[in-house]
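Colleague: Starting off with a structure, shown below.
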Amino acid sequence: MSAAEHRDLIPWYHPKKLLISFRRSPPLVAFALSALLFLITILINPKGLNNRFIGSLILLTTLLAISSAGQTIVLIGGGMDFSVGAVMSAAAIIATYTMDKQDSVLIYVQVLALSLLMGAVVGLLNGFFVVKIGLPAMIVTMAVSNIITRLQYVFTSGSPAGWAGQKFVDSIIYRFFDLIPSIVIYALLFVPVVFWILNRSRFGKQVYMVGNNRQAAYLTGVRVNWVIIMTYVISGMMSAFAGILGAGYKATARVDIFGEYAFTSLVAVIVGGTTFSGGVGTYTGTIAGALLMTVLSNLLTTLGLPQTMRDILNGVIIILLLMLYNRSKAVRQ
Amino acid sequence: MIEMRDITKHYGAVQALKGASITIPAGKITALLGSNGSGKSTLVKVLAGLVSPNSGSILINGQPVVIRSGNDAQARGISTAFQDLSLLPMMTVSDNLLLGNEPRTPFGMVDREKSRQIVKDLMDRFKIRCSPQDYVQSLPSSTQSMLEIAKAVHRNPRVLLLDEATAALHMDEITVLFDILRDLRDQGLSIVFVTHRMHEVFELCDEAVILRGGETVKSGPVTEFTLDDLVYYMTGQRMAHHAPGQDVSETSRQGQAVLEVKNLSLPPRVKDVSMTAHAGEIIGIGGLEGQGQSDFMRAILGAKHKTGGSIRFLGEEVAFRQPAQAVKAGMGLISGERNREAMFPDRTIAENIFAGNAAVGPRFRFLPKKFVRKFSEDAVKTYRIKIGSLKDAASTLSGGNQQKLVIARWIAVGPKLLLLDDPTKGVDIHSRLEIHQILRESAQKGMAVIISASDMDELLEIAQRVYVFYEGRVSGVLQGDSMTQENMVSLMMGFTNEKADGLLMKSKEAQA
Ligand SMILES: Nc1ncnc2c1ncn2[C@@H]1O[C@H](COP(=O)(O)OP(=O)(O)OP(=O)(O)O)[C@@H](O)[C@H]1O
Ligand SMILES: [Mg+2]
């Protein structure tokens with residue numbers, strides 16, 4: 001290869017190519033936008049640039065990234081999971097109720113087992129109804145999500161349900177070097193699992209196949225329905241795990257405490273480059289999307305606007321982002 | 001007359017066209033030939049206004065023009081039937097045919113009566129057998145191809161571009177089409193005809209233009225070429241001669257019966273079909289479009305459920321509920337309907353090749369990156385698939401290379417029984433021979449192969465035995481000396497009575 005040709009292949013050699021490769025890589029765009037919004041936040045409020053602020057940014061990003069993992073897998077498989085928030089809340093309630101201010105390995109195991117089981121059952125219901133009834137995934141999972149939230153009311157009678165153990169709380173919010181929150185330890189264990197499922201297992205390949213061309217996957221010998229149900233089960237379990245961590249972060253839990261995560265996780269995933277139509281997407285993108293959503297929410301807080309204005313602005317920005325990402329791609333032009 | 005001069009086009013590092021030129025005279029049919037990935041479709045799309053070239057010029061009657069969009073092209077009387085079809089699958093046949101071209105009443109409303117008449121005439125002319133209200137996505141690919149052509153012709157073009165229009169068509173449809181094309185030619189149209197079926201070139205075309213690696217390497221009247229010449233200019237090598245049936249004696253040493261089908265029924269498409277395939281055999285399934293061939297294969301694979309009869313696979317009675325079970329048991333299906341049934345267009349080339357393996361192996365065992373890459377690298381080399389990088393989306397490949405991708409996917413897995421439903425659709429002549437060779441080798445290693453093809457010659461060339469389907473039944477089985485075009489044609493038309501002097505064997509005798 002001649003030097004000139006070689007140069008052609010390196011995108012950052014030409015500004016125009018840099019732009020193109022940028023547009024082709026949603027994670028890059030999301031990271032760049034995050035940096036931009038972060039800068040704006042700092043410019044508006046220079047005093048905000050301190051260890052506490054950055055620490056909480058990392059903590060919230062990590063929590064959202066973990067919450068959005070299941071959603072990523074479901075979306076790649078061509079579905080959608082609106083029960084992420086309800087499952088997280090339910091898991092948080094199970095966690096605080098079971099712990100009841102106590103810490104012990106046995107209790108941790110109980111919490112984990114109960115929550116994951118709950119998440120798996122919810123996922124199974126979601127998957128089963130999506131596959132068997134054939135209603136749109138959004139509607140099915142919303143309905144299931146409503147039922148879970150109702151059950152939370154019944155279970156707690158609407159009042160906060162106990163407290164997480166202090167050691168467990170510390171394992172999430174402790175700051176290494178007064179900066180990095182200890183939740184990242186969980187992330188270091190969790191993220192490789194997601195990468196393994198999506199990128200280094202045949203199951204992951206099957207999810208992409210089903211999402212990209214269901215009929216082809218079927219004829220190639222993939223158990224399409226089983227794969228779809230499994231994506232919801234995995235999503236339910238991952239959301240439950242995220243809910244337990246959330247309980248540690250908030251120390252207590254009440255009904256629907258993480259309800260908004262259903263929507264936020266979806267936006268984080270889409271902004272990270274996973275498409276609504278399925279078959280395309282990465283977890284790296286979702287992590288970038290989670291960062292972007294967290295930084296955005298911080299910026300809106302910094303602006304000191306009233307809550308309603310914040311919500312409206314948040315909505316408008318999200319719509320703009322989604323428009324930016326969902327432009328149809330040119331194939332074989 | 002249209003001239004395209006020194007057209008270049010590159011996609012990143014891939015050079016699709018490097019100085020291709022073509023002259024398209026009026027009142028002639030010009031064949032545009034070349035191997036998979038040689039740039040034919042790109043050249044067609046440049047003229048159709050869908051691809052803007054990096055350099056080069058287009059002249060219409062000596063005047064340089066710039067074609068910026070599909071509308072530009074249409075305004076200049078250029079109309080195209082695309083290789084990957086421009087039909088809207090979720091719309092009806094009638095809407096697709098008229099799209100953007102509806103007859104209007106004096107008040108500017110769509111004239112329904114007239115629309116109906118136009119659609120009816122068009123469908124009659126092309127002998128398209130379906131209802132104008134059918135959704136395009138529900139139609140077989142050959143009907144879709146015919147619609148695509150009818151749509152292009154309906155726009156009354158002066159220049160008609162047909163990109164592999166016949167790849168999915170069956171004999172009867174091709175006859176209809178060729179008559180229409182000859183008519184249009186005699187009316188003075190310029191027609192560009194892209195095909196990989198060389199006999200069509202000699203049958204239909206007046207001029208030939210041959211591309212290799214994005215360049216025009218040769219052009220001239222068809223009469224100046226022999227088949228060998230065409231292949232030589234396309235590939236740069238002389239074709240190795242290989243008499244059909246030569247290997248038969250070797251491969252037909254009959255192994256174990258891999259598949260035994262008895263009186264299989266799947267109303268309304270398949271009625272009472274019996275067939276046996278042994279290890280090492282290549283069995284052909286022939287017939288006109290829609291005589292039950294596809295449904296028969298899908299019933300074996302468990303994608304459709306039989307209502308009667310029995311299937312024994314590897315000696316055991318089976319009733320697969322879904323293809324996954326059949327695949328696990330050792331079957332594989334290669335579909336020629338790549339867009340609908342085979343490709344994962346947004347996934348990488350590597351993933352597409354690995355798809356067959358991904359479907360059968362242990363689901364959650366750690367899958368090293370290297371393993372997948374090695375697997376697909378080997379396949380790309382073995383089947384000489386022309387790619388940029390393994391990480392490119394599969395949709396960036398040329399049509400024939402996409403098809404090779406799907407074939408490679410299965411051969412690499414090595415099933416006991418391979419079902420191929422028109423697998424070489426859009427594959428160039430050289431690669432087709434290579435694929436045939438691969439199938440023969442796989443058969444010799446003990447694979448049973450059942451192949452259906454819309455191209456009769458292909459079956460006669462590769463199969464040791466051909467079951468001809470007519471209206472869901474086997475109208476006859478051809479083997480050995482009885483495998484001739486004439487016999488095949490009469491069976492395809494449904495003549496089961498011993499017209500061909502007893503050469504046709506009934507399926508029972510063939511199995512005995
Ligand atoms: N949108 C695209 N992006 C990247 N590469 C492309 C794109 N379109 C075409 N190519 C490449 O350009 C080359 C020529 O493609 P083209 O489709 O013109 O081939 P073709 O002669 O029509 O082949 P076939 O007979 O298989 O249809 C191929 O190597 C193909 O991979
Ligand atoms: Mg082509």
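Residues are referred to by chain and number: the chain letter is A, B, ... according to the order shown in the structure tokens, the number counts from 1 in that chain, and ligands are numbered separately from 1 in the order shown.
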If the cut-off is 8 Å, can you tell me the residues of chain B near chain A, counting only C-alpha atoms? I'd like them as an MDAnalysis selection string.
Modeller: chainID B and resid 12:13 50:51 303 322:328 332:333 340:347 351 355:356 358:369 395:396
Colleague: Using only C-alpha atoms, determine which residues lie at most 8 Å from Ser452 (chain B), disregarding the query and same-chain residues fewer than 5 positions distant; provide the list as a PDB file with all heavy atoms, in the first residue's frame.
Modeller:
ATOM      1  N   GLY B 284     -31.575 -32.953  -7.763  1.00  0.00           N
ATOM      2  CA  GLY B 284     -32.145 -31.703  -8.246  1.00  0.00           C
ATOM      3  C   GLY B 284     -33.654 -31.687  -8.111  1.00  0.00           C
ATOM      4  O   GLY B 284     -34.311 -32.724  -8.204  1.00  0.00           O
ATOM      5  N   ILE B 285     -34.188 -30.489  -7.887  1.00  0.00           N
ATOM      6  CA  ILE B 285     -35.629 -30.318  -7.916  1.00  0.00           C
ATOM      7  C   ILE B 285     -35.927 -29.255  -8.952  1.00  0.00           C
ATOM      8  O   ILE B 285     -35.449 -28.121  -8.850  1.00  0.00           O
ATOM      9  CB  ILE B 285     -36.176 -29.876  -6.545  1.00  0.00           C
ATOM     10  CG1 ILE B 285     -35.930 -30.971  -5.519  1.00  0.00           C
ATOM     11  CG2 ILE B 285     -37.664 -29.568  -6.636  1.00  0.00           C
ATOM     12  CD1 ILE B 285     -36.549 -30.680  -4.179  1.00  0.00           C
ATOM     13  N   GLY B 286     -36.698 -29.641  -9.989  1.00  0.00           N
ATOM     14  CA  GLY B 286     -36.964 -28.704 -11.065  1.00  0.00           C
ATOM     15  C   GLY B 286     -38.437 -28.392 -11.165  1.00  0.00           C
ATOM     16  O   GLY B 286     -39.255 -28.925 -10.421  1.00  0.00           O
ATOM     17  N   GLN B 293     -41.956 -26.511  -5.022  1.00  0.00           N
ATOM     18  CA  GLN B 293     -40.574 -26.855  -4.679  1.00  0.00           C
ATOM     19  C   GLN B 293     -40.148 -26.261  -3.332  1.00  0.00           C
ATOM     20  O   GLN B 293     -39.616 -26.956  -2.474  1.00  0.00           O
ATOM     21  CB  GLN B 293     -39.598 -26.375  -5.760  1.00  0.00           C
ATOM     22  CG  GLN B 293     -39.905 -26.847  -7.158  1.00  0.00           C
ATOM     23  CD  GLN B 293     -40.674 -25.810  -7.947  1.00  0.00           C
ATOM     24  OE1 GLN B 293     -41.659 -25.265  -7.474  1.00  0.00           O
ATOM     25  NE2 GLN B 293     -40.242 -25.544  -9.166  1.00  0.00           N
ATOM     26  N   LEU B 420     -30.804 -26.579  -0.829  1.00  0.00           N
ATOM     27  CA  LEU B 420     -30.486 -25.306  -1.472  1.00  0.00           C
ATOM     28  C   LEU B 420     -31.657 -24.883  -2.338  1.00  0.00           C
ATOM     29  O   LEU B 420     -32.037 -25.594  -3.257  1.00  0.00           O
ATOM     30  CB  LEU B 420     -29.221 -25.424  -2.322  1.00  0.00           C
ATOM     31  CG  LEU B 420     -27.960 -25.893  -1.606  1.00  0.00           C
ATOM     32  CD1 LEU B 420     -27.647 -27.324  -1.969  1.00  0.00           C
ATOM     33  CD2 LEU B 420     -26.787 -25.005  -1.930  1.00  0.00           C
ATOM     34  N   ASP B 421     -32.224 -23.729  -2.023  1.00  0.00           N
ATOM     35  CA  ASP B 421     -33.370 -23.237  -2.760  1.00  0.00           C
ATOM     36  C   ASP B 421     -32.906 -22.113  -3.677  1.00  0.00           C
ATOM     37  O   ASP B 421     -32.760 -20.984  -3.251  1.00  0.00           O
ATOM     38  CB  ASP B 421     -34.443 -22.754  -1.772  1.00  0.00           C
ATOM     39  CG  ASP B 421     -35.766 -22.505  -2.466  1.00  0.00           C
ATOM     40  OD1 ASP B 421     -35.850 -22.753  -3.677  1.00  0.00           O
ATOM     41  OD2 ASP B 421     -36.701 -22.053  -1.794  1.00  0.00           O
ATOM     42  N   ASP B 422     -32.654 -22.447  -4.912  1.00  0.00           N
ATOM     43  CA  ASP B 422     -32.147 -21.503  -5.897  1.00  0.00           C
ATOM     44  C   ASP B 422     -30.917 -20.729  -5.389  1.00  0.00           C
ATOM     45  O   ASP B 422     -30.917 -19.518  -5.317  1.00  0.00           O
ATOM     46  CB  ASP B 422     -33.250 -20.509  -6.267  1.00  0.00           C
ATOM     47  CG  ASP B 422     -33.174 -20.166  -7.744  1.00  0.00           C
ATOM     48  OD1 ASP B 422     -32.220 -20.600  -8.406  1.00  0.00           O
ATOM     49  OD2 ASP B 422     -34.058 -19.440  -8.225  1.00  0.00           O
ATOM     50  N   PRO B 423     -29.865 -21.461  -5.044  1.00  0.00           N
ATOM     51  CA  PRO B 423     -28.757 -20.863  -4.311  1.00  0.00           C
ATOM     52  C   PRO B 423     -27.824 -19.997  -5.153  1.00  0.00           C
ATOM     53  O   PRO B 423     -27.108 -19.176  -4.608  1.00  0.00           O
ATOM     54  CB  PRO B 423     -27.992 -22.079  -3.797  1.00  0.00           C
ATOM     55  CG  PRO B 423     -28.227 -23.107  -4.854  1.00  0.00           C
ATOM     56  CD  PRO B 423     -29.623 -22.880  -5.336  1.00  0.00           C
ATOM     57  N   LEU B 459     -29.480 -27.345 -13.160  1.00  0.00           N
ATOM     58  CA  LEU B 459     -29.844 -28.641 -12.588  1.00  0.00           C
ATOM     59  C   LEU B 459     -29.262 -29.773 -13.410  1.00  0.00           C
ATOM     60  O   LEU B 459     -28.698 -30.731 -12.887  1.00  0.00           O
ATOM     61  CB  LEU B 459     -31.366 -28.789 -12.546  1.00  0.00           C
ATOM     62  CG  LEU B 459     -32.084 -27.974 -11.481  1.00  0.00           C
ATOM     63  CD1 LEU B 459     -33.566 -28.244 -11.544  1.00  0.00           C
ATOM     64  CD2 LEU B 459     -31.542 -28.310 -10.101  1.00  0.00           C
TER      65      LEU B 459
END
Colleague: Give me, as a ChimeraX atom specification, the set of residues whose atoms come within 8 Å of any atom of ligand 1, counting only C-alpha atoms and all ligand atoms.
Modeller: /A:330-333 /B:10-12,14-17,33-44,83,163-164,195-196,211,214,386-388,395-402,426-428
Colleague: Considering only C-alpha atoms, return as a list in words whatever protein or nucleic-acid residues lie within 7 Å of Lys28 (chain B), sequence-local ones (same chain, fewer than 5 positions apart) excluded.
Modeller: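 Returned residues: Arg185, Ser190, Ile191 and Asp206 of chain B.
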Colleague: Calculated over only C-alpha atoms, which of the candidates B:Gly308, B:Arg473, B:Lys425, B:Gly287 has the smallest distance to Arg338 (chain B)?
Modeller: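 Closest to Arg338 (chain B), using only C-alpha atoms: B:Lys425.
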Colleague: Using only C-alpha atoms, determine which residues lie at most 10 Å from Ile228 (chain A), disregarding the query and same-chain residues fewer than 5 positions distant; provide the list as a list in words.
Modeller: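 Neighbouring residues, sequence-local ones excluded: Ile73, Val74, Gly77, Gly78, Gly79, Leu124, Asn126, Gly127, Phe128, Val130, Val131, Gln206, Val207, Val210, Gly211, Arg223 and Val233 of chain A.
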Colleague: Can you write just those residues out, C-alpha atoms, as a short mmCIF file (atom, residue, chain, number, x, y, z; two decimals), in the first residue's frame?
Modeller:
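To be explicit, this is the file written out as result.cif:
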data_model
loop_
_atom_site.label_atom_id
_atom_site.label_comp_id
_atom_site.auth_asym_id
_atom_site.auth_seq_id
_atom_site.Cartn_x
_atom_site.Cartn_y
_atom_site.Cartn_z
CA ILE A 73 -30.03 -6.38 24.85
CA VAL A 74 -33.80 -6.35 24.42
CA GLY A 77 -33.18 -8.29 19.71
CA GLY A 78 -35.93 -6.15 18.21
CA GLY A 79 -38.04 -5.58 21.34
CA LEU A 124 -40.41 -14.36 31.54
CA ASN A 126 -42.81 -10.00 29.35
CA GLY A 127 -41.15 -12.33 26.89
CA PHE A 128 -43.95 -14.84 26.93
CA VAL A 130 -44.61 -10.52 23.56
CA VAL A 131 -43.98 -13.78 21.74
CA GLN A 206 -28.29 -14.89 17.88
CA VAL A 207 -29.79 -11.78 19.48
CA VAL A 210 -33.01 -12.11 15.40
CA GLY A 211 -33.09 -8.33 15.65
CA ARG A 223 -34.86 -20.64 18.24
CA VAL A 233 -35.45 -12.57 31.23
#
Colleague: Please list as a PyMOL selection string every residue within 9 Å of region 64-71 of chain A, counting only C-alpha atoms and excluding residues in the same chain fewer than 4 positions away.
Modeller: chain A and resi 59-60+75-76+79-82+84-85+88+187+190-191+194+231-243+261-262+264-266+268-269+283+286-291+293-294
Colleague: Keeping only N, CA and C atoms, write the selected residues as a CSV table (one decimal), in the first residue's frame.
Modeller:
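Result file follows (part_31.csv):
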chain,number,residue,atom,x,y,z
A,59,LEU,N,-21.2,8.2,39.8
A,59,LEU,CA,-22.1,7.3,40.5
A,59,LEU,C,-23.4,7.2,39.7
A,60,LEU,N,-23.9,8.3,39.3
A,60,LEU,CA,-25.2,8.2,38.6
A,60,LEU,C,-25.1,7.6,37.2
A,75,LEU,N,-33.5,-4.3,23.1
A,75,LEU,CA,-33.7,-3.5,21.9
A,75,LEU,C,-32.9,-4.1,20.7
A,76,ILE,N,-31.7,-4.6,20.9
A,76,ILE,CA,-31.0,-5.2,19.8
A,76,ILE,C,-31.7,-6.4,19.3
A,79,GLY,N,-36.9,-5.9,20.4
A,79,GLY,CA,-38.0,-5.6,21.3
A,79,GLY,C,-37.9,-4.3,22.1
A,80,MET,N,-38.5,-4.1,23.2
A,80,MET,CA,-38.4,-3.0,24.0
A,80,MET,C,-38.9,-3.3,25.4
A,81,ASP,N,-38.2,-2.8,26.5
A,81,ASP,CA,-38.6,-3.2,27.8
A,81,ASP,C,-38.9,-2.0,28.7
A,82,PHE,N,-40.3,-1.8,28.8
A,82,PHE,CA,-40.7,-0.6,29.6
A,82,PHE,C,-40.8,-1.0,31.1
A,84,VAL,N,-38.3,-1.8,33.1
A,84,VAL,CA,-37.0,-1.7,33.7
A,84,VAL,C,-37.2,-0.9,35.1
A,85,GLY,N,-37.9,0.2,35.0
A,85,GLY,CA,-38.1,1.0,36.2
A,85,GLY,C,-38.9,0.3,37.3
A,88,MET,N,-36.7,-2.4,38.9
A,88,MET,CA,-35.7,-1.8,39.7
A,88,MET,C,-36.3,-1.4,41.1
A,187,ALA,N,-19.6,-2.2,38.9
A,187,ALA,CA,-19.6,-2.1,37.4
A,187,ALA,C,-18.5,-2.9,36.8
A,190,PHE,N,-19.8,-6.2,36.5
A,190,PHE,CA,-21.0,-6.3,35.7
A,190,PHE,C,-20.8,-6.1,34.2
A,191,VAL,N,-20.0,-5.1,33.9
A,191,VAL,CA,-19.8,-4.7,32.5
A,191,VAL,C,-19.2,-5.9,31.7
A,194,VAL,N,-21.9,-8.2,30.6
A,194,VAL,CA,-22.7,-7.8,29.4
A,194,VAL,C,-21.9,-8.0,28.1
A,231,THR,N,-34.1,-12.6,26.1
A,231,THR,CA,-33.6,-11.2,26.2
A,231,THR,C,-34.4,-10.5,27.3
A,232,TYR,N,-35.7,-10.8,27.4
A,232,TYR,CA,-36.5,-10.2,28.5
A,232,TYR,C,-36.1,-10.7,29.9
A,233,VAL,N,-35.8,-12.0,29.9
A,233,VAL,CA,-35.5,-12.6,31.2
A,233,VAL,C,-34.1,-11.9,31.7
A,234,ILE,N,-33.2,-11.9,30.8
A,234,ILE,CA,-31.9,-11.3,31.2
A,234,ILE,C,-32.1,-9.8,31.5
A,235,SER,N,-32.9,-9.1,30.8
A,235,SER,CA,-33.2,-7.7,31.1
A,235,SER,C,-33.8,-7.6,32.5
A,236,GLY,N,-34.8,-8.5,32.8
A,236,GLY,CA,-35.4,-8.4,34.1
A,236,GLY,C,-34.4,-8.6,35.2
A,237,MET,N,-33.5,-9.6,35.0
A,237,MET,CA,-32.5,-9.9,36.1
A,237,MET,C,-31.5,-8.7,36.2
A,238,MET,N,-31.1,-8.1,35.1
A,238,MET,CA,-30.2,-7.0,35.1
A,238,MET,C,-30.8,-5.8,35.8
A,239,SER,N,-32.1,-5.6,35.5
A,239,SER,CA,-32.8,-4.5,36.1
A,239,SER,C,-32.9,-4.7,37.6
A,240,ALA,N,-33.1,-5.9,38.0
A,240,ALA,CA,-33.2,-6.2,39.4
A,240,ALA,C,-31.9,-5.9,40.1
A,241,PHE,N,-30.8,-6.3,39.5
A,241,PHE,CA,-29.5,-6.1,40.0
A,241,PHE,C,-29.3,-4.6,40.2
A,242,ALA,N,-29.7,-3.8,39.1
A,242,ALA,CA,-29.5,-2.4,39.2
A,242,ALA,C,-30.4,-1.8,40.3
A,243,GLY,N,-31.6,-2.4,40.6
A,243,GLY,CA,-32.4,-2.0,41.7
A,243,GLY,C,-31.8,-2.1,43.0
A,261,TYR,N,-36.6,5.4,35.4
A,261,TYR,CA,-35.5,4.7,34.7
A,261,TYR,C,-36.0,4.0,33.5
A,262,ALA,N,-37.3,3.7,33.4
A,262,ALA,CA,-37.9,3.0,32.3
A,262,ALA,C,-37.6,3.9,31.0
A,264,THR,N,-35.7,6.8,31.0
A,264,THR,CA,-34.3,7.3,30.8
A,264,THR,C,-33.4,6.2,30.2
A,265,SER,N,-33.6,5.0,30.7
A,265,SER,CA,-32.7,3.9,30.1
A,265,SER,C,-32.9,3.8,28.6
A,266,LEU,N,-34.2,3.9,28.2
A,266,LEU,CA,-34.5,3.7,26.8
A,266,LEU,C,-33.8,4.8,26.0
A,268,ALA,N,-31.1,6.6,26.9
A,268,ALA,CA,-29.7,6.3,27.0
A,268,ALA,C,-29.2,5.3,25.9
A,269,VAL,N,-30.0,4.3,25.8
A,269,VAL,CA,-29.7,3.2,24.8
A,269,VAL,C,-29.8,3.7,23.4
A,283,TYR,N,-23.0,-2.1,23.8
A,283,TYR,CA,-23.1,-1.6,25.1
A,283,TYR,C,-22.2,-0.4,25.4
A,286,THR,N,-24.2,2.4,24.9
A,286,THR,CA,-25.2,2.7,26.0
A,286,THR,C,-24.5,3.4,27.2
A,287,ILE,N,-23.2,3.0,27.4
A,287,ILE,CA,-22.5,3.6,28.5
A,287,ILE,C,-22.3,5.1,28.2
A,288,ALA,N,-22.0,5.4,26.9
A,288,ALA,CA,-21.8,6.8,26.5
A,288,ALA,C,-23.1,7.5,26.6
A,289,GLY,N,-24.2,6.8,26.2
A,289,GLY,CA,-25.5,7.4,26.3
A,289,GLY,C,-25.9,7.7,27.8
A,290,ALA,N,-25.5,6.8,28.7
A,290,ALA,CA,-25.8,7.0,30.1
A,290,ALA,C,-25.1,8.3,30.6
A,291,LEU,N,-23.8,8.4,30.2
A,291,LEU,CA,-23.1,9.6,30.6
A,291,LEU,C,-23.7,10.8,30.1
A,293,MET,N,-26.9,11.4,29.3
A,293,MET,CA,-28.1,11.7,30.0
A,293,MET,C,-27.9,12.2,31.4
A,294,THR,N,-26.8,11.7,32.0
A,294,THR,CA,-26.5,12.2,33.4
A,294,THR,C,-26.0,13.6,33.3
Colleague: Tell me which of B:Phe82, B:Leu418, B:Met198, B:Phe296 sits closest to ligand 2, counting only C-alpha atoms and all ligand atoms.
Modeller: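 Smallest separation from ligand 2 among the options: B:Phe82.
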Colleague: Excluding Glu260 (chain B) and any residue of its chain fewer than 5 positions from it, enumerate the residues within 7 Å of it, using only C-alpha atoms, and give them as a VMD selection string.
Modeller: chain B and resid 275 to 277 311 to 313
Colleague: Would you save the residues of that selection, restricted to N, CA and C atoms, as a compact mmCIF listing (two decimals), in the first residue's frame?
Modeller:
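Result written to again17.txt:
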# COMPACT_ATOMS: atom_id res chain seq x y z
N MET B 275 -39.40 -39.14 -2.06
CA MET B 275 -38.05 -38.87 -2.54
C MET B 275 -37.05 -39.48 -1.57
N THR B 276 -35.97 -39.99 -2.10
CA THR B 276 -34.92 -40.51 -1.22
C THR B 276 -33.59 -39.88 -1.60
N ALA B 277 -32.84 -39.46 -0.61
CA ALA B 277 -31.51 -38.90 -0.86
C ALA B 277 -30.48 -39.65 -0.05
N ILE B 311 -41.36 -38.44 7.07
CA ILE B 311 -39.99 -38.05 6.74
C ILE B 311 -39.07 -38.83 7.68
N ARG B 312 -38.14 -39.56 7.08
CA ARG B 312 -37.11 -40.20 7.90
C ARG B 312 -35.80 -39.50 7.61
N PHE B 313 -35.10 -39.10 8.67
CA PHE B 313 -33.82 -38.42 8.51
C PHE B 313 -32.78 -39.23 9.27
Colleague: Could you please determine the separation between CA of Val136 (chain B) and CA of Thr307 (chain B) in Å, to one decimal place?
Modeller: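 Calculated distance between CA of Val136 (chain B) and CA of Thr307 (chain B) is 27.7 Å.
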Colleague: Can you list, as a ChimeraX atom specification, all residues belonging to region 397-473 of chain B that DSSP tags as alpha helix (DSSP H)?
Modeller: /B:399-411,429-444,456-462
Colleague: Let's have the selection written as a PDB file, in the first residue's frame, with C-alpha atoms.
Modeller:
ATOM      1  CA  GLY B 399     -25.392  -9.158  -4.937  1.00  0.00           C
ATOM      2  CA  GLY B 400     -23.475 -12.226  -6.002  1.00  0.00           C
ATOM      3  CA  ASN B 401     -20.995 -11.886  -3.192  1.00  0.00           C
ATOM      4  CA  GLN B 402     -23.847 -11.687  -0.702  1.00  0.00           C
ATOM      5  CA  GLN B 403     -25.103 -14.967  -2.076  1.00  0.00           C
ATOM      6  CA  LYS B 404     -21.675 -16.549  -1.739  1.00  0.00           C
ATOM      7  CA  LEU B 405     -21.614 -15.392   1.852  1.00  0.00           C
ATOM      8  CA  VAL B 406     -24.761 -17.375   2.565  1.00  0.00           C
ATOM      9  CA  ILE B 407     -23.430 -20.469   0.850  1.00  0.00           C
ATOM     10  CA  ALA B 408     -20.146 -20.268   2.700  1.00  0.00           C
ATOM     11  CA  ARG B 409     -22.087 -19.994   5.944  1.00  0.00           C
ATOM     12  CA  TRP B 410     -23.475 -23.491   5.599  1.00  0.00           C
ATOM     13  CA  ILE B 411     -20.784 -25.413   3.843  1.00  0.00           C
ATOM     14  CA  ILE B 429     -20.658 -18.020 -14.034  1.00  0.00           C
ATOM     15  CA  HIS B 430     -17.205 -18.611 -12.692  1.00  0.00           C
ATOM     16  CA  SER B 431     -18.280 -18.592  -9.062  1.00  0.00           C
ATOM     17  CA  ARG B 432     -21.212 -20.759  -9.957  1.00  0.00           C
ATOM     18  CA  LEU B 433     -18.866 -23.397 -11.292  1.00  0.00           C
ATOM     19  CA  GLU B 434     -16.811 -23.035  -8.141  1.00  0.00           C
ATOM     20  CA  ILE B 435     -19.892 -23.478  -6.005  1.00  0.00           C
ATOM     21  CA  HIS B 436     -20.857 -26.550  -7.985  1.00  0.00           C
ATOM     22  CA  GLN B 437     -17.409 -27.933  -7.420  1.00  0.00           C
ATOM     23  CA  ILE B 438     -17.707 -27.232  -3.706  1.00  0.00           C
ATOM     24  CA  LEU B 439     -21.049 -29.010  -3.620  1.00  0.00           C
ATOM     25  CA  ARG B 440     -19.588 -32.006  -5.449  1.00  0.00           C
ATOM     26  CA  GLU B 441     -16.695 -32.169  -3.030  1.00  0.00           C
ATOM     27  CA  SER B 442     -19.004 -31.881  -0.040  1.00  0.00           C
ATOM     28  CA  ALA B 443     -21.143 -34.652  -1.484  1.00  0.00           C
ATOM     29  CA  GLN B 444     -18.111 -36.825  -1.963  1.00  0.00           C
ATOM     30  CA  MET B 456     -32.902 -25.649 -15.796  1.00  0.00           C
ATOM     31  CA  ASP B 457     -29.396 -25.898 -17.224  1.00  0.00           C
ATOM     32  CA  GLU B 458     -27.931 -25.609 -13.799  1.00  0.00           C
ATOM     33  CA  LEU B 459     -29.844 -28.641 -12.588  1.00  0.00           C
ATOM     34  CA  LEU B 460     -28.911 -30.713 -15.593  1.00  0.00           C
ATOM     35  CA  GLU B 461     -25.321 -29.816 -14.977  1.00  0.00           C
ATOM     36  CA  ILE B 462     -24.990 -30.561 -11.316  1.00  0.00           C
TER      37      ILE B 462
END
Colleague: Can you measure CA of Met142 (chain A) to CA of Val267 (chain A) for me? One decimal in Å is fine.
Modeller: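 Atom-to-atom, CA of Met142 (chain A) to CA of Val267 (chain A), that is 15.9 Å.
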Colleague: With only C-alpha atoms as the counted atoms, please give the residues lying no more than 9 Å from Leu161 (chain B), apart from itself and same-chain residues fewer than 3 positions off, as a PyMOL selection string.
Modeller: chain B and resi 44+47-48+78-82+152+190-194
Colleague: I'd like to know which of B:Gly336, B:Pro415, B:Gly280, B:Gly236 is closest to Gly446 (chain B), using only C-alpha atoms.
Modeller: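 Ranking B:Gly336, B:Pro415, B:Gly280, B:Gly236 by distance to Gly446 (chain B), first place goes to B:Gly280.
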